file work20.txt (compact mmCIF, C-alpha atoms)
# COMPACT_ATOMS: atom_id res chain seq x y z
CA MET H 75 -67.55 -21.72 40.77
CA THR H 76 -67.12 -24.15 37.92
CA VAL H 77 -66.72 -21.27 35.50
CA THR H 78 -64.09 -19.74 37.75
CA ARG H 79 -62.15 -23.01 37.90
CA ASN H 80 -62.28 -23.30 34.12
CA LEU H 81 -60.93 -19.78 33.63
CA LEU H 82 -58.10 -20.39 36.07
CA GLY H 83 -57.25 -23.65 34.35
CA ALA H 84 -57.15 -22.01 30.92
CA PHE H 85 -54.97 -19.22 32.24
CA ALA H 86 -52.51 -21.70 33.80
CA LEU H 87 -52.34 -23.73 30.60
CA GLY H 88 -51.63 -20.64 28.52
CA ALA H 89 -48.86 -19.54 30.86
CA ALA H 90 -47.29 -23.00 30.75
CA LEU H 91 -47.29 -22.99 26.96
CA ALA H 92 -45.79 -19.49 26.86
CA ILE H 93 -42.81 -20.27 29.11
CA PRO H 94 -40.96 -22.56 26.61
CA HIS H 95 -41.40 -19.98 23.85
CA LEU H 96 -40.01 -17.24 26.09
CA ALA H 97 -37.04 -19.41 27.03
CA PHE H 98 -36.45 -20.28 23.37
CA ALA H 99 -36.43 -16.61 22.46
CA GLN H 100 -33.95 -15.82 25.22
CA TYR H 101 -31.57 -18.72 24.67
CA GLY H 102 -31.36 -19.21 20.97
CA GLY H 103 -34.67 -18.57 19.32
CA GLN H 104 -35.63 -15.74 17.06
CA GLY H 105 -34.98 -13.01 19.65
CA LEU H 106 -31.43 -11.76 20.21
CA GLY H 107 -29.99 -14.96 18.82
CA SER H 108 -27.37 -17.38 20.06
CA ALA H 109 -25.12 -20.21 18.99
CA LEU H 110 -28.01 -22.62 19.73
CA SER H 111 -30.24 -21.16 17.06
CA SER H 112 -30.77 -22.90 13.76
CA ASN H 113 -30.61 -19.54 11.98
CA PRO H 114 -26.98 -18.98 10.85
CA MET H 115 -27.40 -15.21 11.08
CA SER H 116 -29.10 -15.18 14.49
CA HIS H 117 -25.80 -14.49 16.30
CA GLN H 118 -25.90 -10.96 14.89
CA GLY H 119 -28.94 -10.10 16.98
CA ASN H 120 -31.27 -7.28 16.03
CA VAL H 121 -29.02 -5.61 13.48
CA LYS H 122 -30.66 -3.28 11.02
CA PRO H 123 -29.48 -3.85 7.45
CA GLY H 124 -27.85 -1.04 5.54
CA VAL H 125 -26.53 1.64 7.88
CA ASP H 126 -25.51 -0.74 10.66
CA ASP H 127 -23.69 -3.01 8.21
CA MET H 128 -21.80 -0.11 6.62
CA GLN H 129 -20.80 1.28 9.99
CA GLY H 130 -19.60 -2.14 11.07
CA ASN H 131 -17.51 -2.59 7.93
CA ALA H 132 -16.03 0.88 8.30
CA SER H 133 -15.02 0.25 11.88
CA GLU H 134 -13.38 -3.03 10.88
CA GLU H 135 -11.10 -1.26 8.39
CA THR H 136 -9.87 1.58 10.56
CA PRO H 137 -6.11 2.26 10.42
CA PHE H 138 -5.82 1.03 14.00
CA LYS H 139 -7.33 -2.35 13.11
CA VAL H 140 -5.31 -2.70 9.89
CA ILE H 141 -2.06 -1.95 11.71
CA LYS H 142 -2.99 -4.37 14.48
CA ASP H 143 -3.69 -7.11 11.93
CA VAL H 144 -0.51 -6.36 9.99
CA LYS H 145 1.63 -6.58 13.13
CA LEU H 146 0.13 -9.97 13.85
CA GLY H 147 0.62 -11.10 10.25
CA LEU H 148 4.26 -10.06 10.25
CA LYS H 149 4.89 -12.70 12.90
CA ASP H 150 3.85 -15.43 10.46
CA ALA H 151 6.57 -17.87 9.47
CA ASP H 152 5.61 -17.70 5.79
CA PRO H 153 7.42 -14.85 3.95
CA ALA H 154 4.58 -14.65 1.42
CA THR H 155 2.18 -13.81 4.24
CA ARG H 156 4.49 -11.10 5.57
CA ILE H 157 4.81 -9.61 2.08
CA SER H 158 1.02 -9.58 1.71
CA GLU H 159 0.64 -7.84 5.07
CA LEU H 160 3.15 -5.13 4.11
CA GLU H 161 1.24 -4.45 0.91
CA ARG H 162 -1.79 -3.50 3.01
CA LEU H 163 0.22 -0.55 4.35
CA ARG H 164 1.06 0.98 0.96
CA TYR H 165 -1.67 3.65 0.97
CA LEU H 166 -2.49 3.74 4.67
CA GLN H 167 -2.05 7.20 6.18
CA ASP H 168 -0.82 6.71 9.71
CA PRO H 169 2.43 7.81 11.43
CA GLU H 170 3.14 4.26 12.56
CA VAL H 171 3.16 2.80 9.05
CA ASN H 172 6.65 3.98 8.09
CA GLN H 173 8.01 2.66 11.39
CA ILE H 174 6.61 -0.80 10.64
CA LEU H 175 8.00 -0.73 7.10
CA THR H 176 11.41 0.44 8.29
CA GLY H 177 11.50 -2.36 10.83
CA SER H 178 10.67 -4.87 8.10
CA MET H 179 13.84 -3.86 6.22
CA SER H 180 15.60 -6.11 8.75
CA ASP H 181 13.42 -9.11 7.97
CA PRO H 182 15.43 -12.35 7.56
CA ASP H 183 13.88 -12.94 4.13
CA VAL H 184 15.25 -10.89 1.22
CA ARG H 185 11.86 -10.70 -0.50
CA VAL H 186 10.26 -9.11 2.54
CA LYS H 187 13.11 -6.61 2.82
CA VAL H 188 12.70 -5.60 -0.81
CA LYS H 189 8.93 -5.20 -0.45
CA ALA H 190 9.33 -2.94 2.58
CA ILE H 191 11.97 -0.83 0.80
CA ASP H 192 9.89 -0.49 -2.36
CA ILE H 193 6.79 0.60 -0.45
CA LEU H 194 8.78 3.17 1.52
CA GLY H 195 10.08 4.53 -1.77
CA ALA H 196 6.59 4.67 -3.24
CA ARG H 197 5.37 6.50 -0.14
CA GLU H 198 8.28 8.97 -0.49
CA ALA H 199 9.05 8.44 3.18
CA ASN H 200 11.71 11.00 4.08
CA ASP H 201 12.10 9.54 7.56
CA ALA H 202 13.37 6.32 5.94
CA VAL H 203 16.35 7.99 4.23
CA THR H 204 18.72 7.66 7.21
CA PRO H 205 18.08 3.95 7.90
CA MET H 206 18.22 3.23 4.17
CA SER H 207 21.57 5.02 3.86
CA THR H 208 22.97 3.08 6.81
CA MET H 209 21.78 -0.19 5.35
CA LEU H 210 23.34 0.69 2.01
CA PHE H 211 26.79 0.94 3.64
CA LEU H 212 26.63 -2.43 5.40
CA ARG H 213 28.65 -5.22 3.84
CA SER H 214 26.09 -7.74 5.00
CA THR H 215 23.38 -6.13 2.87
CA GLU H 216 22.59 -8.29 -0.15
CA PRO H 217 23.38 -6.78 -3.60
CA ILE H 218 19.75 -6.98 -4.75
CA VAL H 219 18.65 -5.20 -1.58
CA LYS H 220 21.21 -2.44 -2.19
CA LEU H 221 19.85 -2.01 -5.69
CA HIS H 222 16.34 -1.49 -4.36
CA LEU H 223 17.62 0.87 -1.67
CA VAL H 224 19.22 3.08 -4.31
CA ALA H 225 16.05 3.08 -6.40
CA ALA H 226 13.94 3.92 -3.33
CA LEU H 227 16.22 6.81 -2.35
CA GLY H 228 15.75 8.16 -5.86
CA ARG H 229 11.97 7.93 -5.58
CA ILE H 230 11.99 9.66 -2.20
CA GLY H 231 14.09 12.45 -3.68
CA ASP H 232 15.53 13.75 -0.41
CA ALA H 233 18.86 15.56 -0.83
CA GLN H 234 20.28 13.61 2.13
CA GLY H 235 20.13 10.51 -0.03
CA ALA H 236 22.53 11.91 -2.65
CA LEU H 237 25.79 11.10 -0.84
CA PRO H 238 24.95 7.42 -0.14
CA VAL H 239 23.92 6.92 -3.77
CA MET H 240 27.11 8.64 -4.99
CA GLN H 241 29.22 6.33 -2.84
CA TYR H 242 27.31 3.35 -4.18
CA LEU H 243 27.97 4.54 -7.72
CA GLY H 244 31.68 4.88 -6.94
CA GLU H 245 31.91 1.20 -6.09
CA ASP H 246 32.55 -1.46 -8.71
CA GLN H 247 28.96 -2.18 -9.76
CA ASP H 248 27.45 -3.88 -12.78
CA GLU H 249 25.71 -1.95 -15.52
CA ARG H 250 22.29 -2.21 -13.92
CA GLY H 251 23.61 -0.95 -10.59
CA ARG H 252 25.35 2.04 -12.15
CA GLY H 253 22.33 2.85 -14.28
CA THR H 254 20.02 2.75 -11.27
CA ALA H 255 22.38 4.99 -9.31
CA VAL H 256 22.72 7.71 -11.95
CA PHE H 257 18.96 7.67 -12.52
CA ALA H 258 18.41 8.06 -8.75
CA LEU H 259 20.83 10.98 -8.62
CA GLY H 260 18.87 12.69 -11.37
CA GLU H 261 15.64 12.22 -9.42
CA ILE H 262 17.23 13.58 -6.21
CA GLY H 263 18.54 16.56 -8.14
CA SER H 264 21.48 17.53 -5.90
CA ASP H 265 24.22 19.78 -7.32
CA LYS H 266 26.78 17.74 -5.37
CA ALA H 267 26.32 14.90 -7.85
CA VAL H 268 27.26 16.99 -10.93
CA PRO H 269 31.04 16.26 -10.95
CA LEU H 270 30.46 12.54 -10.55
CA LEU H 271 27.79 12.48 -13.25
CA ASN H 272 30.11 14.35 -15.62
CA ALA H 273 32.77 11.70 -14.98
CA VAL H 274 30.28 8.94 -15.77
CA VAL H 275 29.30 10.63 -19.03
CA ALA H 276 32.96 10.87 -20.04
CA GLN H 277 34.27 7.53 -18.83
CA ASP H 278 31.60 4.87 -18.35
CA GLN H 279 31.84 1.98 -20.77
CA SER H 280 28.09 1.45 -21.02
CA PRO H 281 26.20 3.57 -23.58
CA MET H 282 23.02 3.14 -21.51
CA VAL H 283 24.67 4.39 -18.33
CA ARG H 284 26.21 7.35 -20.16
CA ARG H 285 22.79 8.27 -21.59
CA LEU H 286 21.16 8.03 -18.17
CA ALA H 287 23.93 10.18 -16.69
CA LYS H 288 23.34 12.86 -19.35
CA GLU H 289 19.63 12.83 -18.56
CA ALA H 290 20.43 13.04 -14.84
CA LEU H 291 22.53 16.14 -15.45
CA GLU H 292 19.65 17.69 -17.37
CA LYS H 293 17.31 16.92 -14.47
CA VAL H 294 19.69 18.49 -11.96
CA SER H 295 19.98 21.64 -14.09
CA GLY H 296 16.22 21.80 -14.58
CA GLU H 297 16.38 21.29 -18.34
CA MET H 298 14.54 17.98 -18.06
CA PRO H 299 11.73 17.08 -15.62
CA THR H 300 12.10 14.25 -13.14
CA GLU H 301 9.72 11.30 -13.19
CA ARG H 302 7.99 12.76 -10.15
CA ALA H 303 7.45 16.06 -11.91
CA LYS H 304 6.08 14.24 -14.96
CA THR H 305 3.59 12.36 -12.79
CA VAL H 306 2.41 15.53 -11.06
CA ALA H 307 2.04 17.33 -14.40
CA SER H 308 0.12 14.41 -15.87
CA ASN H 309 -2.31 14.25 -12.95
CA THR H 310 -2.79 18.02 -13.04
CA SER H 311 -3.54 18.03 -16.77
CA LYS H 312 -6.11 15.27 -16.30
CA ASP H 313 -7.82 17.17 -13.49
CA ASN H 314 -7.89 20.38 -15.52
CA GLU H 315 -9.20 18.76 -18.69
CA PRO H 316 -12.27 20.68 -19.94
CA THR H 317 -15.61 18.97 -19.34
CA ASP H 318 -16.55 19.02 -23.01
CA GLN H 319 -13.35 17.14 -23.88
CA LYS H 320 -14.05 14.54 -21.21
CA LEU H 321 -17.59 14.08 -22.53
CA ALA H 322 -16.33 13.82 -26.10
CA LYS H 323 -13.94 11.03 -25.09
CA LEU H 324 -16.73 9.22 -23.28
CA ARG H 325 -19.03 9.50 -26.28
CA GLU H 326 -16.27 8.23 -28.56
CA MET H 327 -15.64 5.27 -26.27
CA ASP H 328 -19.37 4.52 -26.08
CA LYS H 329 -19.61 4.56 -29.88
CA LYS H 330 -16.70 2.12 -30.19
CA MET H 331 -18.33 -0.22 -27.71
CA SER H 332 -21.63 -0.05 -29.64
CA ASP H 333 -19.85 -0.81 -32.92
CA MET H 334 -18.17 -3.84 -31.37
CA GLU H 335 -21.52 -5.22 -30.19
CA ARG H 336 -23.03 -5.14 -33.68

call {"tool": "encode", "arguments": {"input": "work20.txt", "output": "structure tokens"}}
result
Amino acid sequence: MTVTRNLLGAFALGAALAIPHLAFAQYGGQGLGSALSSNPMSHQGNVKPGVDDMQGNASEETPFKVIKDVKLGLKDADPATRISELERLRYLQDPEVNQILTGSMSDPDVRVKVKAIDILGAREANDAVTPMSTMLFLRSTEPIVKLHLVAALGRIGDAQGALPVMQYLGEDQDERGRGTAVFALGEIGSDKAVPLLNAVVAQDQSPMVRRLAKEALEKVSGEMPTERAKTVASNTSKDNEPTDQKLAKLREMDKKMSDMER
């Protein structure tokens, strides 16, 4: 009987000691973790390192999340923050991106407008040509913004952008404005711009603008490649470079680095 009482007592004591540990594990110990735990990483729970972490990071940077964050950031009162948020959209492939950038062309801050326009140009966003053309005609549009609009229309290269740029060129602009316009017309490559470009070559007072107009005419006629064509050709030649040439360049670079370390 005494032995039985002793066994029951030991069992009860063990259970009593185990209960606090169980509660600690459930509410902030080393189990699933909680805000009460002293371990700063315990809130992550039983996360396996490596694969789980990579999957978590990938899900955090999905286009949906980036766009959601950008929309929130564009509501910030600081123009620098809005500019930084727009920059996150530069290489993002999602149909909603160009809509956000186009909407930012109406931002109250000139710097934000210019950033949105420049990114649309870099993305060669054809769907931005119409709103850009409309904005170019407005008297309320700042001169510096008009300059960037013309440059962006040239980078996009859509034929629908030729007429707005031609009308801009026909206005009384400074040398930089005229030079940007004739360069853009060369990049767009529309035959409709040929008479105007010929007039610029014959009459413009600026040697630089006349030279750019001559080059634009050569681009329109196909005698001279556009900047876009040069970029494509350059990337193609790099991709098609023979392996032995690539290895030779790497060996040469490695030798130069070794010589510098001596």

call {"tool": "closest_residue", "arguments": {"input": "work20.txt", "among": "H:Leu237, H:Ala276, H:Leu212, H:Val294", "to": "Glu261 of chain H", "atoms": "all atoms listed in the file"}}
result
H:Val294

call {"tool": "atom_distance", "arguments": {"input": "work20.txt", "atom1": "atom CA of Gly235 of chain H", "atom2": "atom CA of Thr204 of chain H"}}
result
7.9 Å

call {"tool": "closest_residue", "arguments": {"input": "work20.txt", "among": "H:Asn200, H:Ser295, H:Thr215, H:Thr305", "to": "Lys187 of chain H", "atoms": "only C-alpha atoms"}}
result
H:Thr215

call {"tool": "residues_near_point", "arguments": {"input": "work20.txt", "point": "(10.4, -7.6, -3.7)", "cutoff": "12 Å", "atoms": "only C-alpha atoms", "output": "PyMOL selection string"}}
result
chain H and resi 153-154+156-158+160-161+179+183-193+218-219+221-223

call {"tool": "residues_around", "arguments": {"input": "work20.txt", "residues": "Leu243 of chain H", "least_positions_apart": "5", "cutoff": "9 Å", "atoms": "all atoms listed in the file", "output": "PyMOL selection string"}}
result
chain H and resi 238+251-256+270

call {"tool": "closest_residue", "arguments": {"input": "work20.txt", "among": "H:Lys149, H:Lys266, H:Lys288, H:Lys142", "to": "Val239 of chain H", "atoms": "only C-alpha atoms"}}
result
H:Lys266

call {"tool": "atom_distance", "arguments": {"input": "work20.txt", "atom1": "atom CA of Met209 of chain H", "atom2": "atom CA of Glu159 of chain H"}}
result
22.5 Å

call {"tool": "closest_residue", "arguments": {"input": "work20.txt", "among": "H:Asp143, H:Asp246, H:Glu292, H:Glu170", "to": "Ala199 of chain H", "atoms": "all atoms listed in the file"}}
result
H:Glu170

call {"tool": "atom_distance", "arguments": {"input": "work20.txt", "atom1": "atom CA of Ala236 of chain H", "atom2": "atom CA of Thr300 of chain H"}}
result
15.0 Å

call {"tool": "axis_aligned_box", "arguments": {"input": "work20.txt", "around": "segment 204-213 of chain H", "padding_each_side": "6 Å", "output": "JSON"}}
result
{"center_x": 23.4, "center_y": 1.2, "center_z": 5.0, "size_x": 22.6, "size_y": 24.9, "size_z": 17.9}

call {"tool": "closest_residue", "arguments": {"input": "work20.txt", "among": "H:Pro205, H:Gly195, H:Pro137, H:Pro182", "to": "Gln167 of chain H", "atoms": "all atoms listed in the file"}}
result
H:Pro137

call {"tool": "closest_residue", "arguments": {"input": "work20.txt", "among": "H:Val283, H:Ile141, H:Leu259, H:Ala303", "to": "Val224 of chain H", "atoms": "only C-alpha atoms"}}
result
H:Leu259
